[in-house]
Amino acid sequence: NIIYYNSTLHRNRNQNAICIAIRKANSSIVLPADTHYAQISNCILPDLGFENDHYLVVPHHGGNAGKFEYKLKRINTPQTAIVSVGKNSYGHPISEHLQHLRDIGFKILQTNSLKKDIEIVLN
């Protein structure tokens, strides 16, 4: 149920990461660290090509994770996209990326707004 991905060897440390996807019978979640959206779309999402409720921990705290590209299959139902972010000088999260996620159908939850842990139950 847990798949580990080695993102890529890159001079930018934000693109060198171990990513995790958890697959259950009816749901999945991607924990991408700081990898770029294209890496998620091309390497992780194809492994989630079964009908399921789909969750995402937004890469790079909602910051610049490359050009927005998230090729979720039509059989996947976007549920919650979690942005783990606090006060920062980088401008995270980027509102344009959050809007793209909303346009796909994700509900956005931000840890800085909720000020509590977020629990996702996969089944």
# chains A, B, ... in the order shown; residues from 1 in each chain; ligands from 1

call {"tool": "select_by_dssp", "arguments": {"residues": "segment 7-99 of chain A", "states": "strand (DSSP E or B)", "output": "PDB file with N, CA and C atoms, in the first residue's frame"}}
result
ATOM      1  N   ILE A  18      12.558  12.009  -1.644  1.00  0.00           N
ATOM      2  CA  ILE A  18      11.837  10.752  -1.619  1.00  0.00           C
ATOM      3  C   ILE A  18      10.364  11.119  -1.488  1.00  0.00           C
ATOM      4  N   CYS A  19       9.577  10.657  -2.426  1.00  0.00           N
ATOM      5  CA  CYS A  19       8.138  10.911  -2.411  1.00  0.00           C
ATOM      6  C   CYS A  19       7.440   9.622  -2.010  1.00  0.00           C
ATOM      7  N   ILE A  20       6.260   9.768  -1.453  1.00  0.00           N
ATOM      8  CA  ILE A  20       5.504   8.607  -1.007  1.00  0.00           C
ATOM      9  C   ILE A  20       4.072   8.719  -1.519  1.00  0.00           C
ATOM     10  N   ALA A  21       3.543   7.613  -1.973  1.00  0.00           N
ATOM     11  CA  ALA A  21       2.118   7.514  -2.281  1.00  0.00           C
ATOM     12  C   ALA A  21       1.582   6.348  -1.462  1.00  0.00           C
ATOM     13  N   ILE A  22       0.430   6.550  -0.892  1.00  0.00           N
ATOM     14  CA  ILE A  22      -0.236   5.487  -0.145  1.00  0.00           C
ATOM     15  C   ILE A  22      -1.518   5.154  -0.889  1.00  0.00           C
ATOM     16  N   ARG A  23      -1.666   3.869  -1.229  1.00  0.00           N
ATOM     17  CA  ARG A  23      -2.843   3.398  -1.947  1.00  0.00           C
ATOM     18  C   ARG A  23      -3.628   2.432  -1.078  1.00  0.00           C
ATOM     19  N   SER A  27      -9.019   4.759  -1.742  1.00  0.00           N
ATOM     20  CA  SER A  27      -8.454   6.099  -1.578  1.00  0.00           C
ATOM     21  C   SER A  27      -6.944   6.076  -1.747  1.00  0.00           C
ATOM     22  N   SER A  28      -6.405   7.255  -2.017  1.00  0.00           N
ATOM     23  CA  SER A  28      -4.955   7.394  -2.173  1.00  0.00           C
ATOM     24  C   SER A  28      -4.540   8.786  -1.719  1.00  0.00           C
ATOM     25  N   ILE A  29      -3.263   8.899  -1.353  1.00  0.00           N
ATOM     26  CA  ILE A  29      -2.695  10.200  -1.003  1.00  0.00           C
ATOM     27  C   ILE A  29      -1.260  10.253  -1.521  1.00  0.00           C
ATOM     28  N   VAL A  30      -0.867  11.428  -1.997  1.00  0.00           N
ATOM     29  CA  VAL A  30       0.495  11.661  -2.451  1.00  0.00           C
ATOM     30  C   VAL A  30       1.163  12.609  -1.472  1.00  0.00           C
ATOM     31  N   LEU A  31       2.336  12.201  -0.985  1.00  0.00           N
ATOM     32  CA  LEU A  31       3.165  13.016  -0.092  1.00  0.00           C
ATOM     33  C   LEU A  31       4.452  13.315  -0.864  1.00  0.00           C
ATOM     34  N   ASN A  52     -10.741   6.027  -7.112  1.00  0.00           N
ATOM     35  CA  ASN A  52     -10.481   6.278  -5.693  1.00  0.00           C
ATOM     36  C   ASN A  52     -10.672   7.744  -5.347  1.00  0.00           C
ATOM     37  N   ASP A  53     -10.847   7.995  -4.050  1.00  0.00           N
ATOM     38  CA  ASP A  53     -10.834   9.352  -3.512  1.00  0.00           C
ATOM     39  C   ASP A  53      -9.369   9.735  -3.357  1.00  0.00           C
ATOM     40  N   HIS A  54      -8.989  10.877  -3.909  1.00  0.00           N
ATOM     41  CA  HIS A  54      -7.578  11.242  -3.986  1.00  0.00           C
ATOM     42  C   HIS A  54      -7.267  12.468  -3.122  1.00  0.00           C
ATOM     43  N   TYR A  55      -6.205  12.358  -2.338  1.00  0.00           N
ATOM     44  CA  TYR A  55      -5.736  13.425  -1.458  1.00  0.00           C
ATOM     45  C   TYR A  55      -4.313  13.793  -1.845  1.00  0.00           C
ATOM     46  N   LEU A  56      -3.907  15.000  -1.490  1.00  0.00           N
ATOM     47  CA  LEU A  56      -2.570  15.478  -1.831  1.00  0.00           C
ATOM     48  C   LEU A  56      -2.034  16.363  -0.716  1.00  0.00           C
ATOM     49  N   VAL A  57      -0.792  16.141  -0.333  1.00  0.00           N
ATOM     50  CA  VAL A  57      -0.071  17.130   0.464  1.00  0.00           C
ATOM     51  C   VAL A  57       0.647  17.975  -0.585  1.00  0.00           C
ATOM     52  N   ASN A  76     -10.333   9.286 -10.690  1.00  0.00           N
ATOM     53  CA  ASN A  76      -9.921   9.723  -9.360  1.00  0.00           C
ATOM     54  C   ASN A  76     -10.786  10.913  -8.950  1.00  0.00           C
ATOM     55  N   THR A  77     -11.263  10.907  -7.731  1.00  0.00           N
ATOM     56  CA  THR A  77     -12.074  12.013  -7.233  1.00  0.00           C
ATOM     57  C   THR A  77     -11.224  12.862  -6.296  1.00  0.00           C
ATOM     58  N   PRO A  78     -10.877  14.088  -6.707  1.00  0.00           N
ATOM     59  CA  PRO A  78     -10.083  14.952  -5.828  1.00  0.00           C
ATOM     60  C   PRO A  78     -10.852  15.240  -4.545  1.00  0.00           C
ATOM     61  N   GLN A  79     -10.175  15.129  -3.430  1.00  0.00           N
ATOM     62  CA  GLN A  79     -10.804  15.380  -2.147  1.00  0.00           C
ATOM     63  C   GLN A  79     -10.172  16.599  -1.485  1.00  0.00           C
ATOM     64  N   THR A  80      -9.104  16.400  -0.749  1.00  0.00           N
ATOM     65  CA  THR A  80      -8.468  17.465   0.014  1.00  0.00           C
ATOM     66  C   THR A  80      -7.018  17.615  -0.412  1.00  0.00           C
ATOM     67  N   ALA A  81      -6.599  18.861  -0.591  1.00  0.00           N
ATOM     68  CA  ALA A  81      -5.190  19.187  -0.812  1.00  0.00           C
ATOM     69  C   ALA A  81      -4.738  19.950   0.432  1.00  0.00           C
ATOM     70  N   ILE A  82      -3.744  19.420   1.103  1.00  0.00           N
ATOM     71  CA  ILE A  82      -3.274  19.990   2.363  1.00  0.00           C
ATOM     72  C   ILE A  82      -2.004  20.787   2.109  1.00  0.00           C
ATOM     73  N   VAL A  83      -2.013  22.031   2.563  1.00  0.00           N
ATOM     74  CA  VAL A  83      -0.837  22.886   2.452  1.00  0.00           C
ATOM     75  C   VAL A  83      -0.246  23.030   3.841  1.00  0.00           C
TER      76      VAL A  83
END

call {"tool": "atom_distance", "arguments": {"atom1": "atom CA of Ile3 of chain A", "atom2": "atom CA of Leu45 of chain A"}}
result
11.5 Å

call {"tool": "atom_distance", "arguments": {"atom1": "atom CA of Asn42 of chain A", "atom2": "atom CA of Gly86 of chain A"}}
result
28.8 Å

call {"tool": "closest_residue", "arguments": {"among": "A:Leu101, A:Ala25, A:Ile118, A:Ala33", "to": "Phe68 of chain A", "atoms": "only C-alpha atoms"}}
result
A:Leu101

call {"tool": "atom_distance", "arguments": {"atom1": "atom CA of Asn1 of chain A", "atom2": "atom CA of Lys24 of chain A"}}
result
6.1 Å

call {"tool": "residues_around", "arguments": {"residues": "Pro46 of chain A", "least_positions_apart": "3", "cutoff": "12 Å", "atoms": "only C-alpha atoms", "output": "PyMOL selection string"}}
result
chain A and resi 21+30+38-43+49-50+70-76

call {"tool": "residues_around", "arguments": {"residues": "His97 of chain A", "least_positions_apart": "2", "cutoff": "10 Å", "atoms": "only C-alpha atoms", "output": "list in words"}}
result
Val58, Gly62, Gly63, Asn64, Ala65, Gly66, Lys67, Phe68, Glu69, Pro93, Ile94, Ser95, Gln99, His100, Leu101, Arg102 and Asp103 of chain A

call {"tool": "write_last_selection", "arguments": {"atoms": "C-alpha atoms", "output": "short mmCIF file (atom, residue, chain, number, x, y, z; two decimals), in the first residue's frame"}}
result
data_model
loop_
_atom_site.label_atom_id
_atom_site.label_comp_id
_atom_site.auth_asym_id
_atom_site.auth_seq_id
_atom_site.Cartn_x
_atom_site.Cartn_y
_atom_site.Cartn_z
CA VAL A 58 0.78 20.13 -1.72
CA GLY A 62 2.34 25.56 -1.83
CA GLY A 63 5.31 27.43 -3.25
CA ASN A 64 7.00 27.20 -6.62
CA ALA A 65 7.00 23.53 -7.57
CA GLY A 66 7.49 24.11 -11.27
CA LYS A 67 4.80 24.81 -13.82
CA PHE A 68 1.46 23.57 -12.52
CA GLU A 69 0.63 20.20 -14.05
CA PRO A 93 1.55 29.35 -0.71
CA ILE A 94 1.21 30.74 -4.24
CA SER A 95 -2.45 31.61 -4.78
CA GLN A 99 -6.57 28.08 -7.56
CA HIS A 100 -5.43 25.42 -10.06
CA LEU A 101 -5.98 22.77 -7.37
CA ARG A 102 -9.45 24.18 -6.65
CA ASP A 103 -10.23 24.15 -10.38
#

call {"tool": "select_by_dssp", "arguments": {"residues": "segment 10-58 of chain A", "states": "helix (DSSP H, G or I)", "output": "JSON, numbers by chain"}}
result
{"A": [13, 14, 15, 37, 38, 39, 40, 41, 42, 43, 44, 45, 46, 47, 48]}

call {"tool": "write_last_selection", "arguments": {"atoms": "all heavy atoms", "output": "CSV table (one decimal), in the first residue's frame"}}
result
chain,number,residue,atom,x,y,z
A,13,ARG,N,18.3,21.0,-4.8
A,13,ARG,CA,17.9,20.1,-3.7
A,13,ARG,C,16.4,19.9,-3.5
A,13,ARG,O,16.0,18.9,-3.0
A,13,ARG,CB,18.6,20.4,-2.4
A,13,ARG,CG,18.0,21.7,-1.8
A,13,ARG,CD,18.7,22.0,-0.5
A,13,ARG,NE,18.2,23.2,0.1
A,13,ARG,CZ,18.3,23.6,1.3
A,13,ARG,NH1,19.0,22.9,2.1
A,13,ARG,NH2,17.8,24.7,1.7
A,14,ASN,N,15.7,20.9,-4.0
A,14,ASN,CA,14.2,20.8,-3.8
A,14,ASN,C,13.6,19.8,-4.8
A,14,ASN,O,12.5,19.3,-4.6
A,14,ASN,CB,13.5,22.2,-4.1
A,14,ASN,CG,13.7,23.1,-2.9
A,14,ASN,OD1,13.8,22.7,-1.8
A,14,ASN,ND2,13.6,24.4,-3.2
A,15,GLN,N,14.4,19.4,-5.8
A,15,GLN,CA,13.9,18.4,-6.7
A,15,GLN,C,14.5,17.0,-6.4
A,15,GLN,O,14.2,16.0,-7.1
A,15,GLN,CB,14.2,18.8,-8.2
A,15,GLN,CG,13.4,20.0,-8.6
A,15,GLN,CD,13.5,20.3,-10.0
A,15,GLN,OE1,13.5,19.5,-10.9
A,15,GLN,NE2,13.8,21.6,-10.3
A,37,TYR,N,5.4,19.5,-9.8
A,37,TYR,CA,4.2,18.9,-10.2
A,37,TYR,C,4.4,18.0,-11.4
A,37,TYR,O,3.7,16.9,-11.5
A,37,TYR,CB,3.2,20.0,-10.6
A,37,TYR,CG,2.6,20.8,-9.4
A,37,TYR,CD1,3.0,22.0,-9.1
A,37,TYR,CD2,1.6,20.2,-8.6
A,37,TYR,CE1,2.5,22.7,-8.0
A,37,TYR,CE2,1.1,20.8,-7.5
A,37,TYR,CZ,1.5,22.1,-7.2
A,37,TYR,OH,1.0,22.7,-6.1
A,38,ALA,N,5.2,18.3,-12.3
A,38,ALA,CA,5.5,17.4,-13.5
A,38,ALA,C,6.0,16.1,-13.0
A,38,ALA,O,5.6,15.0,-13.6
A,38,ALA,CB,6.4,18.1,-14.5
A,39,GLN,N,6.9,16.0,-12.0
A,39,GLN,CA,7.4,14.8,-11.5
A,39,GLN,C,6.2,13.9,-10.9
A,39,GLN,O,6.2,12.7,-11.1
A,39,GLN,CB,8.4,15.0,-10.5
A,39,GLN,CG,9.7,15.6,-11.0
A,39,GLN,CD,10.7,16.1,-9.9
A,39,GLN,OE1,10.3,17.0,-9.2
A,39,GLN,NE2,11.8,15.4,-9.9
A,40,ILE,N,5.3,14.6,-10.2
A,40,ILE,CA,4.2,13.9,-9.6
A,40,ILE,C,3.3,13.3,-10.7
A,40,ILE,O,2.9,12.2,-10.7
A,40,ILE,CB,3.4,14.8,-8.7
A,40,ILE,CG1,4.2,15.3,-7.6
A,40,ILE,CG2,2.1,14.1,-8.2
A,40,ILE,CD1,3.6,16.5,-6.8
A,41,SER,N,3.0,14.2,-11.7
A,41,SER,CA,2.1,13.8,-12.8
A,41,SER,C,2.7,12.7,-13.6
A,41,SER,O,1.9,11.7,-14.0
A,41,SER,CB,1.8,15.0,-13.7
A,41,SER,OG,0.9,15.8,-13.1
A,42,ASN,N,4.0,12.7,-13.9
A,42,ASN,CA,4.6,11.7,-14.8
A,42,ASN,C,5.0,10.4,-14.1
A,42,ASN,O,5.0,9.4,-14.8
A,42,ASN,CB,5.8,12.3,-15.5
A,42,ASN,CG,5.4,13.5,-16.4
A,42,ASN,OD1,4.3,13.5,-17.0
A,42,ASN,ND2,6.2,14.5,-16.6
A,43,CYS,N,5.3,10.5,-12.8
A,43,CYS,CA,5.8,9.3,-12.2
A,43,CYS,C,4.9,8.7,-11.1
A,43,CYS,O,5.0,7.5,-10.9
A,43,CYS,CB,7.2,9.7,-11.5
A,43,CYS,SG,8.4,10.2,-12.7
A,44,ILE,N,4.1,9.5,-10.4
A,44,ILE,CA,3.3,8.9,-9.3
A,44,ILE,C,1.9,8.7,-9.7
A,44,ILE,O,1.3,7.7,-9.5
A,44,ILE,CB,3.4,9.9,-8.1
A,44,ILE,CG1,4.8,10.0,-7.6
A,44,ILE,CG2,2.5,9.4,-7.0
A,44,ILE,CD1,5.1,11.0,-6.5
A,45,LEU,N,1.2,9.7,-10.3
A,45,LEU,CA,-0.2,9.6,-10.7
A,45,LEU,C,-0.5,8.4,-11.6
A,45,LEU,O,-1.6,7.8,-11.4
A,45,LEU,CB,-0.7,10.9,-11.2
A,45,LEU,CG,-0.7,12.1,-10.3
A,45,LEU,CD1,-1.3,13.3,-11.0
A,45,LEU,CD2,-1.5,11.8,-9.0
A,46,PRO,N,0.3,8.0,-12.5
A,46,PRO,CA,0.0,6.8,-13.3
A,46,PRO,C,-0.2,5.5,-12.4
A,46,PRO,O,-1.0,4.7,-12.8
A,46,PRO,CB,1.2,6.6,-14.2
A,46,PRO,CG,1.7,8.0,-14.4
A,46,PRO,CD,1.5,8.7,-13.0
A,47,ASP,N,0.5,5.5,-11.3
A,47,ASP,CA,0.3,4.3,-10.4
A,47,ASP,C,-1.0,4.4,-9.6
A,47,ASP,O,-1.3,3.5,-8.8
A,47,ASP,CB,1.5,4.2,-9.4
A,47,ASP,CG,2.7,3.8,-10.0
A,47,ASP,OD1,2.7,3.1,-11.1
A,47,ASP,OD2,3.8,4.0,-9.5
A,48,LEU,N,-1.7,5.5,-9.7
A,48,LEU,CA,-3.0,5.7,-8.9
A,48,LEU,C,-4.2,5.7,-9.9
A,48,LEU,O,-5.2,6.3,-9.6
A,48,LEU,CB,-2.9,7.0,-8.2
A,48,LEU,CG,-1.7,7.1,-7.2
A,48,LEU,CD1,-1.8,8.5,-6.5
A,48,LEU,CD2,-1.7,6.0,-6.2
